[in-house]
>>> print(open('query28.cif').read())   # mmCIF, C-alpha atoms and all ligand atoms
data_work
#
loop_
_atom_site.label_atom_id
_atom_site.label_comp_id
_atom_site.auth_asym_id
_atom_site.auth_seq_id
_atom_site.Cartn_x
_atom_site.Cartn_y
_atom_site.Cartn_z
CA MET A 1 12.30 21.43 -3.06
CA VAL A 2 10.00 18.61 -1.94
CA VAL A 3 10.11 15.41 -3.99
CA GLY A 4 6.87 13.44 -3.66
CA GLY A 5 3.31 14.68 -3.18
CA GLY A 6 2.13 12.05 -0.70
CA PRO A 7 1.09 12.83 2.88
CA ALA A 8 4.71 13.31 3.99
CA GLY A 9 5.57 15.76 1.19
CA MET A 10 2.34 17.73 1.64
CA GLU A 11 2.63 17.98 5.42
CA PHE A 12 6.25 19.15 5.14
CA ALA A 13 5.21 21.76 2.55
CA ARG A 14 2.33 22.93 4.75
CA ILE A 15 4.39 23.56 7.89
CA ALA A 16 7.43 24.93 6.03
CA THR A 17 5.19 27.40 4.16
CA LEU A 18 3.51 28.51 7.39
CA ARG A 19 7.04 29.16 8.66
CA LYS A 20 7.64 31.44 5.64
CA HIS A 21 9.85 29.17 3.53
CA ASP A 22 9.48 29.09 -0.25
CA VAL A 23 8.38 25.54 -1.06
CA THR A 24 7.63 23.68 -4.30
CA ILE A 25 6.35 20.09 -4.42
CA TYR A 26 7.43 17.95 -7.40
CA GLU A 27 5.28 14.89 -7.98
CA LYS A 28 5.84 12.35 -10.74
CA GLY A 29 2.18 11.33 -10.85
CA SER A 30 -0.73 13.36 -12.16
CA ARG A 31 -2.21 14.12 -8.72
CA LEU A 32 -1.31 14.68 -5.09
CA GLY A 33 -2.03 12.03 -2.42
CA GLY A 34 0.81 9.55 -2.90
CA TYR A 35 -0.17 5.96 -2.12
CA ILE A 36 -3.45 6.83 -0.39
CA PRO A 37 -5.75 6.44 -3.44
CA LEU A 38 -4.34 2.92 -3.96
CA ALA A 39 -4.49 2.02 -0.25
CA THR A 40 -8.20 2.84 -0.28
CA ALA A 41 -9.06 1.28 -3.64
CA LEU A 42 -10.62 -1.95 -2.34
CA PRO A 43 -14.26 -1.97 -3.41
CA ASN A 44 -15.55 -4.37 -0.74
CA LEU A 45 -13.78 -2.91 2.29
CA ASN A 46 -14.65 0.34 3.93
CA THR A 47 -11.23 2.01 3.97
CA HIS A 48 -12.37 5.18 2.19
CA ASP A 49 -12.04 7.36 5.31
CA VAL A 50 -8.24 7.24 5.02
CA GLN A 51 -8.72 9.53 1.99
CA ASN A 52 -9.90 12.33 4.28
CA ILE A 53 -6.29 12.94 5.32
CA SER A 54 -5.02 13.59 1.81
CA ARG A 55 -8.20 15.48 0.89
CA TRP A 56 -7.56 17.87 3.79
CA LEU A 57 -3.87 18.23 2.94
CA ARG A 58 -4.70 18.96 -0.72
CA LYS A 59 -7.06 21.74 0.41
CA GLU A 60 -4.31 23.20 2.60
CA MET A 61 -1.93 23.19 -0.40
CA LYS A 62 -4.46 25.33 -2.28
CA LYS A 63 -5.22 27.58 0.67
CA LEU A 64 -1.51 28.30 1.19
CA SER A 65 -0.88 28.66 -2.60
CA ILE A 66 1.93 26.13 -2.47
CA LYS A 67 3.59 25.60 -5.85
CA ILE A 68 2.96 22.11 -7.24
CA GLU A 69 4.69 20.60 -10.27
CA LEU A 70 2.79 17.46 -11.26
CA ASN A 71 3.93 14.87 -13.84
CA THR A 72 7.54 15.66 -12.93
CA ASP A 73 9.76 12.67 -12.24
CA VAL A 74 12.61 14.26 -10.32
CA THR A 75 16.09 13.16 -11.39
CA SER A 76 19.46 14.19 -9.98
CA ASP A 77 19.93 16.40 -13.09
CA LEU A 78 16.73 18.32 -12.34
CA VAL A 79 17.82 18.83 -8.72
CA GLN A 80 21.21 20.18 -9.85
CA GLN A 81 19.47 22.46 -12.33
CA ILE A 82 17.07 23.90 -9.73
CA ASN A 83 19.82 24.02 -7.12
CA PRO A 84 17.55 24.46 -4.07
CA ASP A 85 18.73 25.22 -0.51
CA LEU A 86 17.21 21.95 0.70
CA VAL A 87 15.84 18.80 -0.98
CA VAL A 88 13.26 16.92 1.07
CA LEU A 89 12.78 13.40 -0.25
CA ALA A 90 9.28 12.04 0.41
CA THR A 91 9.40 9.40 -2.31
CA GLY A 92 7.46 6.61 -0.56
CA ALA A 93 8.10 2.89 -0.87
CA LYS A 94 8.35 0.37 -3.69
CA GLU A 95 7.30 -3.22 -4.16
CA ILE A 96 9.60 -6.24 -3.89
CA ILE A 97 9.44 -8.86 -6.66
CA PRO A 98 10.69 -12.32 -5.56
CA GLN A 99 13.16 -13.99 -7.90
CA ILE A 100 11.50 -17.38 -8.39
CA PRO A 101 11.12 -19.47 -11.54
CA GLY A 102 8.09 -18.38 -13.55
CA ILE A 103 7.72 -14.93 -11.94
CA ASP A 104 7.32 -13.40 -15.42
CA ASN A 105 4.27 -15.62 -16.09
CA PRO A 106 1.49 -13.41 -17.57
CA MET A 107 -0.93 -14.32 -14.77
CA VAL A 108 1.41 -12.73 -12.19
CA GLY A 109 1.01 -9.08 -11.21
CA THR A 110 1.82 -6.87 -8.26
CA LEU A 111 -0.59 -5.57 -5.64
CA ASP A 112 -0.19 -2.03 -6.99
CA GLU A 113 -1.08 -3.18 -10.51
CA PHE A 114 -4.33 -4.73 -9.24
CA LEU A 115 -5.20 -1.83 -6.93
CA SER A 116 -4.64 0.70 -9.71
CA GLY A 117 -6.86 -1.28 -12.09
CA LYS A 118 -4.00 -1.92 -14.55
CA ARG A 119 -4.71 -5.61 -14.07
CA LYS A 120 -7.92 -7.49 -13.36
CA ALA A 121 -8.17 -10.58 -11.17
CA GLY A 122 -9.64 -13.82 -12.46
CA LYS A 123 -11.60 -16.50 -10.61
CA LYS A 124 -8.89 -18.58 -8.92
CA ILE A 125 -6.58 -16.22 -7.17
CA ALA A 126 -3.45 -16.70 -5.09
CA VAL A 127 -2.39 -13.66 -3.07
CA ILE A 128 1.25 -13.92 -2.00
CA GLY A 129 2.05 -12.09 1.23
CA GLY A 130 -0.32 -12.44 4.17
CA HIS A 131 0.21 -8.94 5.54
CA TYR A 132 -0.07 -6.45 2.67
CA GLY A 133 -2.24 -9.02 0.85
CA ALA A 134 -4.89 -9.67 3.52
CA GLU A 135 -7.20 -6.79 2.57
CA ILE A 136 -7.24 -7.48 -1.18
CA ALA A 137 -7.87 -11.18 -0.41
CA VAL A 138 -10.94 -10.24 1.65
CA SER A 139 -12.20 -7.75 -0.90
CA LEU A 140 -11.93 -10.23 -3.80
CA ALA A 141 -13.47 -13.08 -1.75
CA ARG A 142 -16.55 -10.91 -1.14
CA ASP A 143 -17.41 -10.55 -4.83
CA GLY A 144 -20.79 -12.14 -5.58
CA LYS A 145 -21.61 -12.62 -1.89
CA SER A 146 -23.58 -10.74 0.74
CA LYS A 147 -24.03 -10.86 4.49
CA PRO A 148 -26.63 -13.45 5.60
CA VAL A 149 -29.92 -12.25 7.08
CA GLY A 150 -29.52 -11.78 10.82
CA TYR A 151 -25.73 -11.30 10.54
CA THR A 152 -24.51 -10.34 14.01
CA LYS A 153 -20.80 -9.96 14.33
CA CYS A 154 -20.73 -9.98 18.12
CA HIS A 155 -22.62 -13.14 18.94
CA ASN A 156 -21.59 -15.79 16.43
CA PRO A 157 -18.10 -17.18 15.81
CA ALA A 158 -16.66 -16.18 12.42
CA ASN A 159 -17.06 -19.67 10.90
CA GLU A 160 -20.83 -19.41 11.52
CA ARG A 161 -21.06 -16.08 9.73
CA THR A 162 -20.09 -17.27 6.24
CA LEU A 163 -21.41 -14.99 3.53
CA THR A 164 -24.37 -15.94 1.36
CA VAL A 165 -23.66 -16.47 -2.34
CA GLU A 166 -25.80 -14.01 -4.32
CA ASN A 167 -24.20 -14.25 -7.75
CA PRO A 168 -22.29 -17.53 -8.33
CA ASP A 169 -20.79 -16.18 -11.60
CA LYS A 170 -18.92 -13.51 -9.67
CA VAL A 171 -17.64 -15.70 -6.82
CA ARG A 172 -13.87 -16.12 -6.69
CA GLU A 173 -11.70 -18.73 -5.00
CA VAL A 174 -9.02 -16.89 -3.01
CA THR A 175 -5.94 -18.40 -1.34
CA LEU A 176 -3.69 -16.22 0.81
CA ILE A 177 -0.12 -17.52 1.14
CA GLU A 178 2.25 -16.33 3.87
CA GLU A 179 5.78 -17.49 4.63
CA GLY A 180 5.47 -16.62 8.34
CA ALA A 181 3.12 -17.94 10.99
CA MET A 182 0.86 -14.88 11.20
CA ILE A 183 -1.47 -13.15 8.78
CA GLY A 184 -2.84 -9.62 8.59
CA TRP A 185 -0.30 -7.37 10.26
CA PRO A 186 1.28 -4.97 7.76
CA PRO A 187 3.08 -2.00 9.33
CA PHE A 188 0.00 0.23 9.05
CA PHE A 189 -2.27 -2.14 11.02
CA GLN A 190 -3.16 -1.90 14.68
CA VAL A 191 -4.34 -4.74 16.86
CA GLN A 192 -8.06 -4.03 16.31
CA ARG A 193 -7.65 -4.04 12.52
CA TYR A 194 -5.60 -7.26 12.76
CA MET A 195 -8.38 -8.98 14.69
CA VAL A 196 -11.12 -7.75 12.35
CA ILE A 197 -9.26 -8.74 9.15
CA ASN A 198 -8.62 -12.25 10.52
CA GLU A 199 -12.35 -12.63 11.26
CA PHE A 200 -13.19 -11.38 7.75
CA LEU A 201 -10.79 -13.91 6.21
CA VAL A 202 -12.73 -16.72 7.92
CA GLU A 203 -16.24 -15.45 7.22
CA ASP A 204 -15.43 -14.61 3.59
CA GLY A 205 -14.00 -18.08 2.95
CA VAL A 206 -10.38 -17.18 2.12
CA THR A 207 -8.06 -20.21 2.34
CA CYS A 208 -5.03 -19.12 4.38
CA LEU A 209 -1.77 -21.05 4.05
CA THR A 210 0.75 -19.93 6.67
CA ASN A 211 4.38 -21.12 7.02
CA THR A 212 4.20 -21.64 3.26
CA ARG A 213 6.36 -20.12 0.55
CA ILE A 214 5.99 -20.07 -3.19
CA SER A 215 8.67 -21.99 -5.07
CA ARG A 216 7.72 -21.76 -8.76
CA ILE A 217 5.02 -20.86 -11.26
CA SER A 218 4.47 -22.79 -14.45
CA GLY A 219 1.52 -22.57 -16.84
CA ASN A 220 -1.45 -22.11 -14.56
CA MET A 221 0.10 -23.97 -11.63
CA LEU A 222 1.59 -22.32 -8.56
CA THR A 223 3.83 -24.58 -6.48
CA VAL A 224 4.18 -23.91 -2.76
CA VAL A 225 6.26 -25.54 -0.03
CA ASN A 226 5.22 -25.77 3.62
CA ALA A 227 7.47 -25.73 6.71
CA GLU A 228 7.91 -29.52 6.54
CA GLY A 229 9.18 -29.21 2.98
CA THR A 230 6.05 -30.73 1.41
CA GLU A 231 5.29 -29.36 -2.05
CA THR A 232 1.72 -28.71 -3.24
CA SER A 233 0.55 -27.30 -6.54
CA LEU A 234 -2.49 -25.04 -6.85
CA GLU A 235 -4.32 -24.33 -10.08
CA VAL A 236 -4.81 -20.58 -10.38
CA ASP A 237 -5.48 -17.96 -13.03
CA THR A 238 -4.17 -14.95 -11.09
CA VAL A 239 -1.20 -14.45 -8.78
CA ILE A 240 -1.06 -11.18 -6.84
CA LEU A 241 2.34 -10.34 -5.34
CA ALA A 242 1.75 -8.44 -2.10
CA LEU A 243 5.09 -8.89 -0.36
CA SER A 244 6.98 -6.48 1.90
CA ARG A 245 8.00 -3.12 0.52
CA LEU A 246 11.26 -1.18 0.53
CA GLY A 247 11.83 2.51 1.14
CA ASN A 248 12.40 4.22 -2.23
CA ARG A 249 15.87 5.74 -1.77
CA ASP A 250 16.90 5.80 -5.45
CA LEU A 251 17.19 9.56 -5.62
CA TYR A 252 18.90 9.72 -2.25
CA HIS A 253 21.65 7.39 -3.51
CA GLN A 254 22.05 9.46 -6.68
CA LEU A 255 22.32 12.74 -4.77
CA ALA A 256 24.27 11.69 -1.68
CA GLY A 257 27.75 13.22 -1.74
CA ALA A 258 26.83 15.82 -4.39
CA GLY A 259 27.02 18.67 -1.88
CA ILE A 260 23.24 19.11 -1.72
CA GLN A 261 21.37 19.38 1.59
CA LEU A 262 19.18 16.27 1.72
CA ARG A 263 16.54 15.03 4.16
CA GLU A 264 14.21 12.02 3.96
CA ILE A 265 10.73 11.71 5.46
CA GLY A 266 7.86 9.20 5.40
CA ASP A 267 7.81 5.76 3.83
CA CYS A 268 11.12 6.22 1.97
CA THR A 269 12.78 5.85 5.39
CA GLY A 270 11.01 2.47 5.81
CA PRO A 271 7.39 1.70 4.91
CA GLU A 272 4.93 2.28 7.71
CA LYS A 273 1.77 4.34 7.95
CA VAL A 274 0.33 7.75 7.16
CA GLU A 275 0.59 8.84 10.79
CA LYS A 276 4.36 8.23 10.87
CA ALA A 277 4.84 9.97 7.51
CA ILE A 278 3.00 13.05 8.76
CA VAL A 279 4.75 13.14 12.15
CA MET A 280 8.21 12.92 10.51
CA ALA A 281 7.32 15.65 8.00
CA ASN A 282 5.86 17.95 10.62
CA PHE A 283 8.87 17.48 12.89
CA LEU A 284 11.41 18.21 10.14
CA ALA A 285 9.57 21.33 8.95
CA ARG A 286 9.47 22.71 12.49
CA GLN A 287 13.26 22.40 12.71
CA LEU A 288 13.91 24.71 9.74
C1 LIG A 301 -1.80 -1.80 0.41
C2 LIG A 301 -1.49 -0.68 1.37
C3 LIG A 301 -2.50 -0.20 2.20
C4 LIG A 301 -2.22 0.81 3.13
N1 LIG A 301 -3.22 1.22 3.98
C5 LIG A 301 -2.94 2.13 4.94
C6 LIG A 301 -3.91 2.52 5.89
O1 LIG A 301 -5.03 2.05 5.88
N2 LIG A 301 -3.55 3.44 6.84
C7 LIG A 301 -2.30 3.99 6.90
O2 LIG A 301 -2.02 4.81 7.78
N3 LIG A 301 -1.37 3.64 6.00
C8 LIG A 301 -1.64 2.73 5.02
N4 LIG A 301 -0.66 2.37 4.12
C9 LIG A 301 0.65 3.02 4.18
C10 LIG A 301 0.57 4.45 3.59
O3 LIG A 301 0.04 4.39 2.28
C11 LIG A 301 1.95 5.07 3.60
O4 LIG A 301 2.52 4.98 4.90
C12 LIG A 301 1.91 6.56 3.20
O5 LIG A 301 1.28 6.74 1.96
C13 LIG A 301 3.34 7.11 3.16
O6 LIG A 301 3.32 8.44 2.74
P1 LIG A 301 4.58 9.08 1.96
O7 LIG A 301 4.17 10.48 1.66
O8 LIG A 301 5.81 8.82 2.73
O9 LIG A 301 4.72 8.22 0.63
P2 LIG A 301 3.66 7.97 -0.57
O10 LIG A 301 2.26 8.14 -0.12
O11 LIG A 301 4.05 6.67 -1.17
O12 LIG A 301 4.02 9.13 -1.60
C14 LIG A 301 5.23 9.17 -2.28
C15 LIG A 301 5.05 10.02 -3.52
O13 LIG A 301 6.34 10.29 -4.09
C16 LIG A 301 6.21 10.28 -5.50
N5 LIG A 301 7.56 10.09 -6.07
C17 LIG A 301 8.39 9.03 -5.89
N6 LIG A 301 9.56 9.21 -6.56
C18 LIG A 301 9.45 10.42 -7.17
C19 LIG A 301 10.31 11.17 -8.02
N7 LIG A 301 11.54 10.74 -8.36
N8 LIG A 301 9.88 12.37 -8.48
C20 LIG A 301 8.65 12.84 -8.14
N9 LIG A 301 7.79 12.17 -7.35
C21 LIG A 301 8.18 10.98 -6.86
C22 LIG A 301 5.25 9.14 -5.77
O14 LIG A 301 4.66 9.24 -7.05
C23 LIG A 301 4.25 9.33 -4.62
O15 LIG A 301 3.17 10.16 -5.01
C24 LIG A 301 -0.92 1.38 3.18
C25 LIG A 301 0.09 0.92 2.31
C26 LIG A 301 -0.19 -0.09 1.42
C27 LIG A 301 0.91 -0.59 0.52
#
>>> encode(input="query28.cif", output="structure tokens")
Amino acid sequence: MVVGGGPAGMEFARIATLRKHDVTIYEKGSRLGGYIPLATALPNLNTHDVQNISRWLRKEMKKLSIKIELNTDVTSDLVQQINPDLVVLATGAKEIIPQIPGIDNPMVGTLDEFLSGKRKAGKKIAVIGGHYGAEIAVSLARDGKSKPVGYTKCHNPANERTLTVENPDKVREVTLIEEGAMIGWPPFFQVQRYMVINEFLVEDGVTCLTNTRISRISGNMLTVVNAEGTETSLEVDTVILALSRLGNRDLYHQLAGAGIQLREIGDCTGPEKVEKAIVMANFLARQL
């Protein structure tokens, strides 16, 4: 029994099936792919290629006639009822919501809510979390702008490559706020992507506030504090929470000690990247 139809769950199912095990994937959502559709949902950044991985895995699921139960949120009761020989948890990661005054303000939403289209960003946006938030900040800051004629990335410094405003009505003011000193290095980034995203942040005009944490939200004001303890208030109409994530181990905690064989793979063991999820899944399935 595989819980979660992301890259980890699908890769485990693929190898285990090739090794003649009887595998069923249970996925609470309405499609396979896990987080990948959200990770690639930024309209102004070319991250679509990451979808090729889940597209290929989905085809393999079909080719190998692997049983898939969509729209099934697996609970400990369901596991006990099915009583499988092995439960492989590939349940991904979940967002962290900071407990600060005003966090329930209607202008505040999480990165996943914005990426999934459940929420729409306004014109004055604060993105909280400089690592997971860097790509959405760039994508939003590009709205209404285009690359200037003669744009050459190699020869000009980033601050001389600022985008040309095409449609002033669509332009947004984006501020990226990060508690640490560095921006643009979530666990799925590599050094090249880090360098490119930092150049994009400059050329797309995102205001980056490092060593700065949010302290409260009230009305349409977001109050931040820098390393020296100085408070500043920003007027915004949208706050996107893009903080670190936590491995989703809810089901593990419910099932641990119940006499069921349990294994965890992928982001539920600690959020990272597709490559790690697939390697862990492949390795576990080869040990069966
Ligand atoms: C903003 C963002 C951008 C990213 N961009 C990249 C990138 O460019 N490159 C890269 O390599 N990685 C990227 N990642 C990381 C990548 O998305 C993850 O590492 C990868 O998706 C992990 O795969 P997984 O199968 O472990 O978990 P997931 O892909 O999260 O899949 C978990 C699945 O389990 C399901 N599930 C959870 N609980 C249950 C339950 N109780 N019952 C049934 N189903 C359940 C969920 O619905 C989900 O479909 C990004 C992550 C984020 C947050």
>>> residues_around(input="query28.cif", residues="Gln51 in chain A", least_positions_apart="2", cutoff="9 Å", atoms="all atoms listed in the file", output="JSON list (two decimals) with C-alpha atoms, in the frame of the given file")
[["chain", "number", "residue", "atom", "x", "y", "z"],
["A", 33, "GLY", "CA", -2.03, 12.03, -2.42],
["A", 36, "ILE", "CA", -3.45, 6.83, -0.39],
["A", 37, "PRO", "CA", -5.75, 6.44, -3.44],
["A", 39, "ALA", "CA", -4.49, 2.02, -0.25],
["A", 40, "THR", "CA", -8.20, 2.84, -0.28],
["A", 47, "THR", "CA", -11.23, 2.01, 3.97],
["A", 48, "HIS", "CA", -12.37, 5.18, 2.19],
["A", 49, "ASP", "CA", -12.04, 7.36, 5.31],
["A", 53, "ILE", "CA", -6.29, 12.94, 5.32],
["A", 54, "SER", "CA", -5.02, 13.59, 1.81],
["A", 55, "ARG", "CA", -8.20, 15.48, 0.89],
["A", 56, "TRP", "CA", -7.56, 17.87, 3.79]]
>>> atom_distance(input="query28.cif", atom1="CA of Val165 in chain A", atom2="CA of Lys120 in chain A")
21.2 Å
>>> closest_atom_pairs(input="query28.cif", of="chain A", to="ligand LIG 301 (chain A)", cutoff="8 Å", atoms="all atoms listed in the file", output="CSV")
residue,atom,partner,partner_atom,distance
A:Val3,CA,A:LIG301,C20,5.1
A:Gly4,CA,A:LIG301,O13,3.2
A:Gly5,CA,A:LIG301,O15,4.9
A:Gly6,CA,A:LIG301,O7,3.5
A:Pro7,CA,A:LIG301,O7,4.1
A:Ala8,CA,A:LIG301,O7,3.7
A:Gly9,CA,A:LIG301,O7,5.5
A:Met10,CA,A:LIG301,O7,7.5
A:Tyr26,CA,A:LIG301,C20,5.3
A:Glu27,CA,A:LIG301,N9,3.8
A:Lys28,CA,A:LIG301,C20,3.9
A:Gly29,CA,A:LIG301,O14,5.0
A:Arg31,CA,A:LIG301,O15,7.6
A:Leu32,CA,A:LIG301,O15,6.4
A:Gly33,CA,A:LIG301,O15,6.1
A:Gly34,CA,A:LIG301,O15,3.2
A:Tyr35,CA,A:LIG301,O10,3.8
A:Ile36,CA,A:LIG301,O3,5.0
A:Leu38,CA,A:LIG301,C1,6.9
A:Ala39,CA,A:LIG301,C3,3.9
A:Thr40,CA,A:LIG301,N1,6.8
A:Thr47,CA,A:LIG301,O1,6.5
A:Val50,CA,A:LIG301,O1,6.2
A:Asn71,CA,A:LIG301,C20,7.7
A:Thr72,CA,A:LIG301,C20,5.7
A:Asp73,CA,A:LIG301,N8,3.8
A:Val74,CA,A:LIG301,N8,3.8
A:Thr75,CA,A:LIG301,N7,6.0
A:Ala90,CA,A:LIG301,O8,5.3
A:Thr91,CA,A:LIG301,O13,3.7
A:Gly92,CA,A:LIG301,O9,3.4
A:Ala93,CA,A:LIG301,O11,5.5
A:Leu111,CA,A:LIG301,C1,7.2
A:Asp112,CA,A:LIG301,C1,7.6
A:Tyr132,CA,A:LIG301,C1,5.5
A:Gly133,CA,A:LIG301,C1,7.2
A:Glu135,CA,A:LIG301,C1,7.7
A:Pro187,CA,A:LIG301,C9,7.6
A:Phe188,CA,A:LIG301,N3,4.8
A:Phe189,CA,A:LIG301,N2,7.1
A:Ala242,CA,A:LIG301,C1,7.9
A:Arg245,CA,A:LIG301,C27,7.5
A:Asn248,CA,A:LIG301,N6,7.2
A:Asp250,CA,A:LIG301,N7,7.8
A:Leu251,CA,A:LIG301,N7,6.4
A:Ile265,CA,A:LIG301,O8,6.3
A:Gly266,CA,A:LIG301,O8,3.4
A:Asp267,CA,A:LIG301,O8,3.8
A:Cys268,CA,A:LIG301,O8,6.0
A:Pro271,CA,A:LIG301,O4,5.9
A:Glu272,CA,A:LIG301,O4,4.6
A:Lys273,CA,A:LIG301,O4,3.2
A:Val274,CA,A:LIG301,O2,3.8
A:Glu275,CA,A:LIG301,O2,5.7
A:Lys276,CA,A:LIG301,O4,7.0
A:Ala277,CA,A:LIG301,O8,5.0
A:Ile278,CA,A:LIG301,O6,7.6
>>> residues_around(input="query28.cif", residues="His253 in chain A", least_positions_apart="5", cutoff="12 Å", atoms="only C-alpha atoms", output="list in words")
Thr75, Ser76, Leu89, Gly247, Asn248, Ala258, Ile260, Leu262, Arg263, Glu264 and Cys268 of chain A
>>> closest_residue(input="query28.cif", among="A:Glu178, A:Asp85, A:Val196, A:Met280", to="Val224 in chain A", atoms="only C-alpha atoms")
A:Glu178
>>> atom_distance(input="query28.cif", atom1="CA of Val225 in chain A", atom2="CA of Glu199 in chain A")
25.3 Å
>>> atom_distance(input="query28.cif", atom1="CA of Glu235 in chain A", atom2="CA of Glu160 in chain A")
27.6 Å
>>> closest_residue(input="query28.cif", among="A:Met195, A:Ile125, A:Val79, A:Leu57", to="Ser139 in chain A", atoms="all atoms listed in the file")
A:Ile125
>>> build_atoms(input="query28.cif", residues="range 109-123 of chain A", atoms="N, CA and C atoms", output="mmCIF file, keeping the file's coordinate frame")
data_model
loop_
_atom_site.group_PDB
_atom_site.id
_atom_site.type_symbol
_atom_site.label_atom_id
_atom_site.label_comp_id
_atom_site.auth_asym_id
_atom_site.auth_seq_id
_atom_site.Cartn_x
_atom_site.Cartn_y
_atom_site.Cartn_z
ATOM 1 N N GLY A 109 0.935 -10.543 -11.253
ATOM 2 C CA GLY A 109 1.010 -9.080 -11.210
ATOM 3 C C GLY A 109 1.227 -8.624 -9.775
ATOM 4 N N THR A 110 1.569 -7.356 -9.618
ATOM 5 C CA THR A 110 1.820 -6.870 -8.260
ATOM 6 C C THR A 110 0.539 -6.275 -7.664
ATOM 7 N N LEU A 111 0.553 -6.154 -6.349
ATOM 8 C CA LEU A 111 -0.590 -5.570 -5.640
ATOM 9 C C LEU A 111 -0.944 -4.196 -6.227
ATOM 10 N N ASP A 112 0.080 -3.373 -6.474
ATOM 11 C CA ASP A 112 -0.190 -2.030 -6.990
ATOM 12 C C ASP A 112 -0.855 -2.090 -8.372
ATOM 13 N N GLU A 113 -0.464 -3.065 -9.180
ATOM 14 C CA GLU A 113 -1.080 -3.180 -10.510
ATOM 15 C C GLU A 113 -2.567 -3.528 -10.390
ATOM 16 N N PHE A 114 -2.911 -4.374 -9.419
ATOM 17 C CA PHE A 114 -4.330 -4.730 -9.240
ATOM 18 C C PHE A 114 -5.103 -3.590 -8.596
ATOM 19 N N LEU A 115 -4.488 -2.932 -7.597
ATOM 20 C CA LEU A 115 -5.200 -1.830 -6.930
ATOM 21 C C LEU A 115 -5.430 -0.661 -7.881
ATOM 22 N N SER A 116 -4.484 -0.435 -8.791
ATOM 23 C CA SER A 116 -4.640 0.700 -9.710
ATOM 24 C C SER A 116 -5.544 0.370 -10.885
ATOM 25 N N GLY A 117 -5.969 -0.888 -10.991
ATOM 26 C CA GLY A 117 -6.860 -1.280 -12.090
ATOM 27 C C GLY A 117 -6.116 -1.603 -13.375
ATOM 28 N N LYS A 118 -4.759 -1.576 -13.334
ATOM 29 C CA LYS A 118 -4.000 -1.920 -14.550
ATOM 30 C C LYS A 118 -4.190 -3.379 -14.889
ATOM 31 N N ARG A 119 -4.455 -4.184 -13.857
ATOM 32 C CA ARG A 119 -4.710 -5.610 -14.070
ATOM 33 C C ARG A 119 -6.007 -5.997 -13.381
ATOM 34 N N LYS A 120 -6.667 -7.004 -13.939
ATOM 35 C CA LYS A 120 -7.920 -7.490 -13.360
ATOM 36 C C LYS A 120 -7.708 -8.921 -12.871
ATOM 37 N N ALA A 121 -8.299 -9.228 -11.722
ATOM 38 C CA ALA A 121 -8.170 -10.580 -11.170
ATOM 39 C C ALA A 121 -9.153 -11.529 -11.825
ATOM 40 N N GLY A 122 -8.765 -12.811 -11.885
ATOM 41 C CA GLY A 122 -9.640 -13.820 -12.460
ATOM 42 C C GLY A 122 -10.507 -14.483 -11.388
ATOM 43 N N LYS A 123 -10.686 -15.794 -11.518
ATOM 44 C CA LYS A 123 -11.600 -16.500 -10.610
ATOM 45 C C LYS A 123 -10.873 -17.301 -9.549
#
